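Working notes, structure below.
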Amino acid sequence: MTDRANDLTAWDRDHFFHPSTPAGQHARGDTPRRQIVGGDGVHIIDSTGKRSLDAFGGLYCVNVGYGRTEIADAMAAQAHALAYYHAYAGHSTEASITLSRMIIERAPANMSRVYFGLSGSDANETNIKLVWYYNNILGRPEKKKIISRWRGYHGSGVMTGSLTGLQVFHDHFDLPRAPILHTDAPYYFRRDDLDLTEAQFTARCAQRLEDMILTEGPDTIAAFWAEPVLGTGGIVPPPAGYWPAIQAVLVKYDILLVADEVVTGFGRLGTMFGSDHYGMTPDLITIAKGLTSAYAPLSGSIVSDKIWQVIVDGADRMGPMGHGWTYSAHPVCAAAGVANLKLIDDLGLVENARTTGAYLRQGLQDALGTHPNVGDVRGEGMLAAVELVADRDSRRFYDPAQKIGPRIATAMLERGVIARAMPQGDILGFAPPLCLTPAEADTIISVTRDAITATLG
Ligand code: PMP
């Protein structure tokens, strides 16, 4: 290694506090370190010159792919003209106004306004406050509890960490557990009763939700929070009929639906929003990631007409809403969003997510569907997962200590393809940029098969 590379490695070890990285191992120099220096299309390039096909699109956020000069140019032009002004007290820029309009034009019906943030976590925090604010304006101070799902992921903030249904995000932080409740994940493959049909399993999910609402008291439940397809919890599309069954329960008890579309928004499922795909009618939608394809940090809370009318009434009666971020609607990020959404349209990426995504999943199914240690191949649009099992017939899972998923992901990386070992269970996750070609999908498929064979025999 050059002196410079040695220096950077040492500085990284000594000064950089990385997210989701074992601190002690990193400080001792025991974790893999990789400096990424470039990217184009679905590939990234590291400082040694190695190219890898990024089959997880960063953290399922680089929807248009790497190296899009249109977005970089739009950001540079905005930074030259005006790098920053705030959005308080009615201030706007052309980019923030244009982007608001573009989002509402693309959003499901009955959506009205966008409140901008910077991350999926802060947009969910905004939505939590909007849900509580809404019920306070309506004079329902008891209606405040929120139900999310085990295996749901909604962020790492104080409340959003609680909303997340993965134990590792709760442990050791003393996060407030109330007023958050968790109900079943719609994870048919991991159902505890293998005799249940998909329809019976769906009915049971809806029944358990209703039981929880009745036990707690419907007048205390404000909202149900969910990703259209479970993401970080394992890339799990819901079983057939799940969303209509759940929505019927929510309507019955006047409970808001918040769709966390941080992953599924902007084309990932082969429709502009996941809500469109499943016929969901959310009251609030959380967006981030694909909004700018991660060229700049930007998120949003999309507010329905129903909620907006109440907010307007509340502001008139109760005074201004005390909620604001310095960087809300940051012009450089908004410019990135405008250029990104144009590219998604111009390149036909929503359609490509549907067609090439289906090709990728079918290819994974054909290559791995009969492997004795592949229990499930699933996905939707340009999202796919391969779940490994120790025994296919009894559906016995591996001991987590064996780290089967991470080992296969490492074997894939050695072969030039990045998949994500999902944090709970031996699940390989795939969420490539939406511009993936069938030839690139073939590479993902063959590398996955080779890495599984090399690791498991
Ligand atoms: N919601 C969902 C569905 C997510 O997948 C994520 C991030 N993976 C978040 C919220 C949080 O977003 P961020 O990391 O930008 O805070």
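Naming scheme: A, B, ... for chains in displayed order of the structure tokens; residues 1 onward per chain; ligands 1 onward as shown.
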Chain A residues near ligand 1 within 9 Å, closest pair each, using only C-alpha atoms and all ligand atoms, as JSON lines:
{"residue": "A:Leu59", "atom": "CA", "partner": "ligand 1", "partner_atom_place_in_ligand_line": "8 (N)", "distance": 6.6}
{"residue": "A:Tyr60", "atom": "CA", "partner": "ligand 1", "partner_atom_place_in_ligand_line": "8 (N)", "distance": 7.6}
{"residue": "A:Cys61", "atom": "CA", "partner": "ligand 1", "partner_atom_place_in_ligand_line": "8 (N)", "distance": 8.6}
{"residue": "A:Leu118", "atom": "CA", "partner": "ligand 1", "partner_atom_place_in_ligand_line": "15 (O)", "distance": 7.3}
{"residue": "A:Ser119", "atom": "CA", "partner": "ligand 1", "partner_atom_place_in_ligand_line": "15 (O)", "distance": 3.7}
{"residue": "A:Gly120", "atom": "CA", "partner": "ligand 1", "partner_atom_place_in_ligand_line": "12 (O)", "distance": 3.2}
{"residue": "A:Ser121", "atom": "CA", "partner": "ligand 1", "partner_atom_place_in_ligand_line": "16 (O)", "distance": 3.5}
{"residue": "A:Asp122", "atom": "CA", "partner": "ligand 1", "partner_atom_place_in_ligand_line": "16 (O)", "distance": 6.3}
{"residue": "A:Ala123", "atom": "CA", "partner": "ligand 1", "partner_atom_place_in_ligand_line": "16 (O)", "distance": 7.9}
{"residue": "A:Asn124", "atom": "CA", "partner": "ligand 1", "partner_atom_place_in_ligand_line": "10 (C)", "distance": 7.0}
{"residue": "A:Gly152", "atom": "CA", "partner": "ligand 1", "partner_atom_place_in_ligand_line": "3 (C)", "distance": 7.4}
{"residue": "A:Tyr153", "atom": "CA", "partner": "ligand 1", "partner_atom_place_in_ligand_line": "2 (C)", "distance": 5.2}
{"residue": "A:His154", "atom": "CA", "partner": "ligand 1", "partner_atom_place_in_ligand_line": "1 (N)", "distance": 3.8}
{"residue": "A:Gly155", "atom": "CA", "partner": "ligand 1", "partner_atom_place_in_ligand_line": "11 (C)", "distance": 3.8}
{"residue": "A:Ser156", "atom": "CA", "partner": "ligand 1", "partner_atom_place_in_ligand_line": "16 (O)", "distance": 6.4}
{"residue": "A:Gly157", "atom": "CA", "partner": "ligand 1", "partner_atom_place_in_ligand_line": "16 (O)", "distance": 7.7}
{"residue": "A:Thr160", "atom": "CA", "partner": "ligand 1", "partner_atom_place_in_ligand_line": "10 (C)", "distance": 8.2}
{"residue": "A:Thr164", "atom": "CA", "partner": "ligand 1", "partner_atom_place_in_ligand_line": "1 (N)", "distance": 8.5}
{"residue": "A:Ala226", "atom": "CA", "partner": "ligand 1", "partner_atom_place_in_ligand_line": "3 (C)", "distance": 8.1}
{"residue": "A:Glu227", "atom": "CA", "partner": "ligand 1", "partner_atom_place_in_ligand_line": "3 (C)", "distance": 5.7}
{"residue": "A:Pro228", "atom": "CA", "partner": "ligand 1", "partner_atom_place_in_ligand_line": "3 (C)", "distance": 8.8}
{"residue": "A:Val229", "atom": "CA", "partner": "ligand 1", "partner_atom_place_in_ligand_line": "3 (C)", "distance": 8.7}
{"residue": "A:Leu230", "atom": "CA", "partner": "ligand 1", "partner_atom_place_in_ligand_line": "3 (C)", "distance": 7.5}
{"residue": "A:Gly231", "atom": "CA", "partner": "ligand 1", "partner_atom_place_in_ligand_line": "5 (O)", "distance": 5.9}
{"residue": "A:Thr232", "atom": "CA", "partner": "ligand 1", "partner_atom_place_in_ligand_line": "5 (O)", "distance": 6.0}
{"residue": "A:Ala259", "atom": "CA", "partner": "ligand 1", "partner_atom_place_in_ligand_line": "3 (C)", "distance": 9.0}
{"residue": "A:Asp260", "atom": "CA", "partner": "ligand 1", "partner_atom_place_in_ligand_line": "3 (C)", "distance": 5.4}
{"residue": "A:Glu261", "atom": "CA", "partner": "ligand 1", "partner_atom_place_in_ligand_line": "3 (C)", "distance": 6.0}
{"residue": "A:Val262", "atom": "CA", "partner": "ligand 1", "partner_atom_place_in_ligand_line": "3 (C)", "distance": 4.7}
{"residue": "A:Val263", "atom": "CA", "partner": "ligand 1", "partner_atom_place_in_ligand_line": "5 (O)", "distance": 5.3}
{"residue": "A:Thr264", "atom": "CA", "partner": "ligand 1", "partner_atom_place_in_ligand_line": "3 (C)", "distance": 7.7}
{"residue": "A:Thr286", "atom": "CA", "partner": "ligand 1", "partner_atom_place_in_ligand_line": "1 (N)", "distance": 7.5}
{"residue": "A:Ile287", "atom": "CA", "partner": "ligand 1", "partner_atom_place_in_ligand_line": "1 (N)", "distance": 8.0}
{"residue": "A:Ala288", "atom": "CA", "partner": "ligand 1", "partner_atom_place_in_ligand_line": "15 (O)", "distance": 6.4}
{"residue": "A:Lys289", "atom": "CA", "partner": "ligand 1", "partner_atom_place_in_ligand_line": "15 (O)", "distance": 6.7}
{"residue": "A:Pro297", "atom": "CA", "partner": "ligand 1", "partner_atom_place_in_ligand_line": "15 (O)", "distance": 7.9}
{"residue": "A:Leu298", "atom": "CA", "partner": "ligand 1", "partner_atom_place_in_ligand_line": "15 (O)", "distance": 8.3}
{"residue": "A:Ser299", "atom": "CA", "partner": "ligand 1", "partner_atom_place_in_ligand_line": "15 (O)", "distance": 7.6}
- Message: With DSSP run on the backbone, what are the strand (DSSP E or B) residues within range 90-143 of chain A? I'd like them as a PyMOL selection string.
- Response: chain A and resi 111-117
Taking C-alpha atoms for each residue, export the selection above as a JSON list (two decimals), in the first residue's frame.
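Now in result-v8.json:
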[["chain", "number", "residue", "atom", "x", "y", "z"],
["A", 111, "MET", "CA", -52.10, 13.58, -1.22],
["A", 112, "SER", "CA", -51.74, 17.28, -0.65],
["A", 113, "ARG", "CA", -48.45, 18.62, 0.77],
["A", 114, "VAL", "CA", -44.83, 17.59, 1.40],
["A", 115, "TYR", "CA", -42.86, 18.45, 4.55],
["A", 116, "PHE", "CA", -39.14, 17.99, 3.87],
["A", 117, "GLY", "CA", -36.46, 16.49, 6.10]]
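Distances to Leu53 in chain A were evaluated for A:Val417, A:Leu456, A:Leu250, A:Met382 using only C-alpha atoms, and the minimum falls at A:Val417.
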- Could you pull the residues within 6 Å of His182 in chain A, counting only C-alpha atoms, minus those fewer than 2 positions along the same chain, as a PyMOL selection string? chain A and resi 147-150
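Taking CA of Val312 in chain A as the reference point, CA of Cys333 in chain A is found at 26.9 Å.
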- Item | For CA of Ala95 in chain A and CA of Ala107 in chain A, the interatomic separation in Å (one decimal) | 18.0 Å
- In range 158-364 of chain A, DSSP alpha helix (DSSP H) residues written as an NGL selection string: :A and (158-163 or 198-216 or 242-252 or 274-278 or 305-318 or 331-346 or 349-364)
With C-alpha atoms retained, write the just-selected residues as an mmCIF file, in the first residue's frame.
data_model
loop_
_atom_site.group_PDB
_atom_site.id
_atom_site.type_symbol
_atom_site.label_atom_id
_atom_site.label_comp_id
_atom_site.auth_asym_id
_atom_site.auth_seq_id
_atom_site.Cartn_x
_atom_site.Cartn_y
_atom_site.Cartn_z
ATOM 1 C CA VAL A 158 -35.398 7.837 19.741
ATOM 2 C CA MET A 159 -39.043 7.302 18.749
ATOM 3 C CA THR A 160 -38.336 5.758 15.357
ATOM 4 C CA GLY A 161 -35.947 3.267 16.972
ATOM 5 C CA SER A 162 -38.876 2.212 19.152
ATOM 6 C CA LEU A 163 -41.125 2.022 16.099
ATOM 7 C CA GLU A 198 -51.635 -18.120 2.911
ATOM 8 C CA ALA A 199 -55.259 -16.959 3.189
ATOM 9 C CA GLN A 200 -55.535 -18.280 6.743
ATOM 10 C CA PHE A 201 -52.258 -16.628 7.676
ATOM 11 C CA THR A 202 -53.453 -13.282 6.261
ATOM 12 C CA ALA A 203 -56.718 -13.576 8.179
ATOM 13 C CA ARG A 204 -54.758 -14.327 11.348
ATOM 14 C CA CYS A 205 -52.551 -11.225 10.913
ATOM 15 C CA ALA A 206 -55.674 -9.060 10.569
ATOM 16 C CA GLN A 207 -57.351 -10.800 13.519
ATOM 17 C CA ARG A 208 -54.321 -10.341 15.786
ATOM 18 C CA LEU A 209 -54.226 -6.664 14.862
ATOM 19 C CA GLU A 210 -57.901 -6.310 15.678
ATOM 20 C CA ASP A 211 -57.439 -8.188 18.971
ATOM 21 C CA MET A 212 -54.642 -5.814 19.964
ATOM 22 C CA ILE A 213 -56.788 -2.781 19.109
ATOM 23 C CA LEU A 214 -59.701 -4.120 21.147
ATOM 24 C CA THR A 215 -57.487 -5.040 24.110
ATOM 25 C CA GLU A 216 -55.884 -1.602 24.190
ATOM 26 C CA TYR A 242 -52.876 -8.702 3.422
ATOM 27 C CA TRP A 243 -53.326 -4.985 2.731
ATOM 28 C CA PRO A 244 -57.097 -5.077 2.070
ATOM 29 C CA ALA A 245 -57.585 -7.144 5.253
ATOM 30 C CA ILE A 246 -55.459 -4.789 7.373
ATOM 31 C CA GLN A 247 -57.012 -1.649 5.933
ATOM 32 C CA ALA A 248 -60.516 -2.916 6.694
ATOM 33 C CA VAL A 249 -59.540 -3.177 10.377
ATOM 34 C CA LEU A 250 -57.984 0.311 10.400
ATOM 35 C CA VAL A 251 -61.038 1.912 8.803
ATOM 36 C CA LYS A 252 -63.341 0.149 11.284
ATOM 37 C CA GLY A 274 -45.653 0.742 -3.081
ATOM 38 C CA SER A 275 -49.078 2.015 -2.010
ATOM 39 C CA ASP A 276 -50.098 1.987 -5.694
ATOM 40 C CA HIS A 277 -48.877 -1.559 -6.050
ATOM 41 C CA TYR A 278 -50.964 -2.872 -3.147
ATOM 42 C CA ASP A 305 -55.882 16.141 2.162
ATOM 43 C CA LYS A 306 -57.614 14.676 5.203
ATOM 44 C CA ILE A 307 -54.696 15.426 7.538
ATOM 45 C CA TRP A 308 -53.864 18.731 5.852
ATOM 46 C CA GLN A 309 -57.364 20.146 6.401
ATOM 47 C CA VAL A 310 -57.101 19.402 10.126
ATOM 48 C CA ILE A 311 -53.614 20.961 10.323
ATOM 49 C CA VAL A 312 -54.887 24.147 8.679
ATOM 50 C CA ASP A 313 -57.753 24.290 11.129
ATOM 51 C CA GLY A 314 -55.390 23.632 14.047
ATOM 52 C CA ALA A 315 -52.937 26.319 12.946
ATOM 53 C CA ASP A 316 -55.781 28.832 12.705
ATOM 54 C CA ARG A 317 -57.028 27.966 16.192
ATOM 55 C CA MET A 318 -53.845 26.971 18.093
ATOM 56 C CA PRO A 331 -32.081 23.857 -2.249
ATOM 57 C CA VAL A 332 -29.105 21.725 -3.323
ATOM 58 C CA CYS A 333 -30.877 18.566 -2.181
ATOM 59 C CA ALA A 334 -34.132 19.688 -3.806
ATOM 60 C CA ALA A 335 -32.270 20.298 -7.085
ATOM 61 C CA ALA A 336 -30.925 16.759 -6.852
ATOM 62 C CA GLY A 337 -34.484 15.504 -6.303
ATOM 63 C CA VAL A 338 -35.861 17.331 -9.340
ATOM 64 C CA ALA A 339 -33.098 16.019 -11.627
ATOM 65 C CA ASN A 340 -33.468 12.511 -10.173
ATOM 66 C CA LEU A 341 -37.236 12.293 -10.686
ATOM 67 C CA LYS A 342 -36.814 13.534 -14.262
ATOM 68 C CA LEU A 343 -34.241 10.813 -14.905
ATOM 69 C CA ILE A 344 -36.510 8.117 -13.445
ATOM 70 C CA ASP A 345 -39.146 9.193 -15.991
ATOM 71 C CA ASP A 346 -36.814 9.767 -18.946
ATOM 72 C CA LEU A 349 -36.883 3.107 -14.696
ATOM 73 C CA VAL A 350 -40.207 2.255 -13.056
ATOM 74 C CA GLU A 351 -41.015 -0.007 -15.979
ATOM 75 C CA ASN A 352 -37.498 -1.470 -15.934
ATOM 76 C CA ALA A 353 -37.822 -2.201 -12.215
ATOM 77 C CA ARG A 354 -40.883 -4.263 -13.053
ATOM 78 C CA THR A 355 -39.510 -6.157 -16.033
ATOM 79 C CA THR A 356 -35.834 -6.622 -15.161
ATOM 80 C CA GLY A 357 -36.764 -7.119 -11.501
ATOM 81 C CA ALA A 358 -39.056 -9.983 -12.509
ATOM 82 C CA TYR A 359 -36.252 -11.386 -14.685
ATOM 83 C CA LEU A 360 -33.815 -11.264 -11.755
ATOM 84 C CA ARG A 361 -36.212 -13.027 -9.363
ATOM 85 C CA GLN A 362 -37.119 -15.677 -11.906
ATOM 86 C CA GLY A 363 -33.426 -16.271 -12.578
ATOM 87 C CA LEU A 364 -32.673 -16.642 -8.863
#
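Residues surrounding Met422 in chain A within 8 Å are A:Thr232, A:Gly233, A:Gly234, A:Gly405, A:Leu428, A:Gly429 [only C-alpha atoms; sequence separation below 6 positions excluded].
From CA of His170 in chain A back to CA of His26 in chain A, the distance works out to 22.3 Å.
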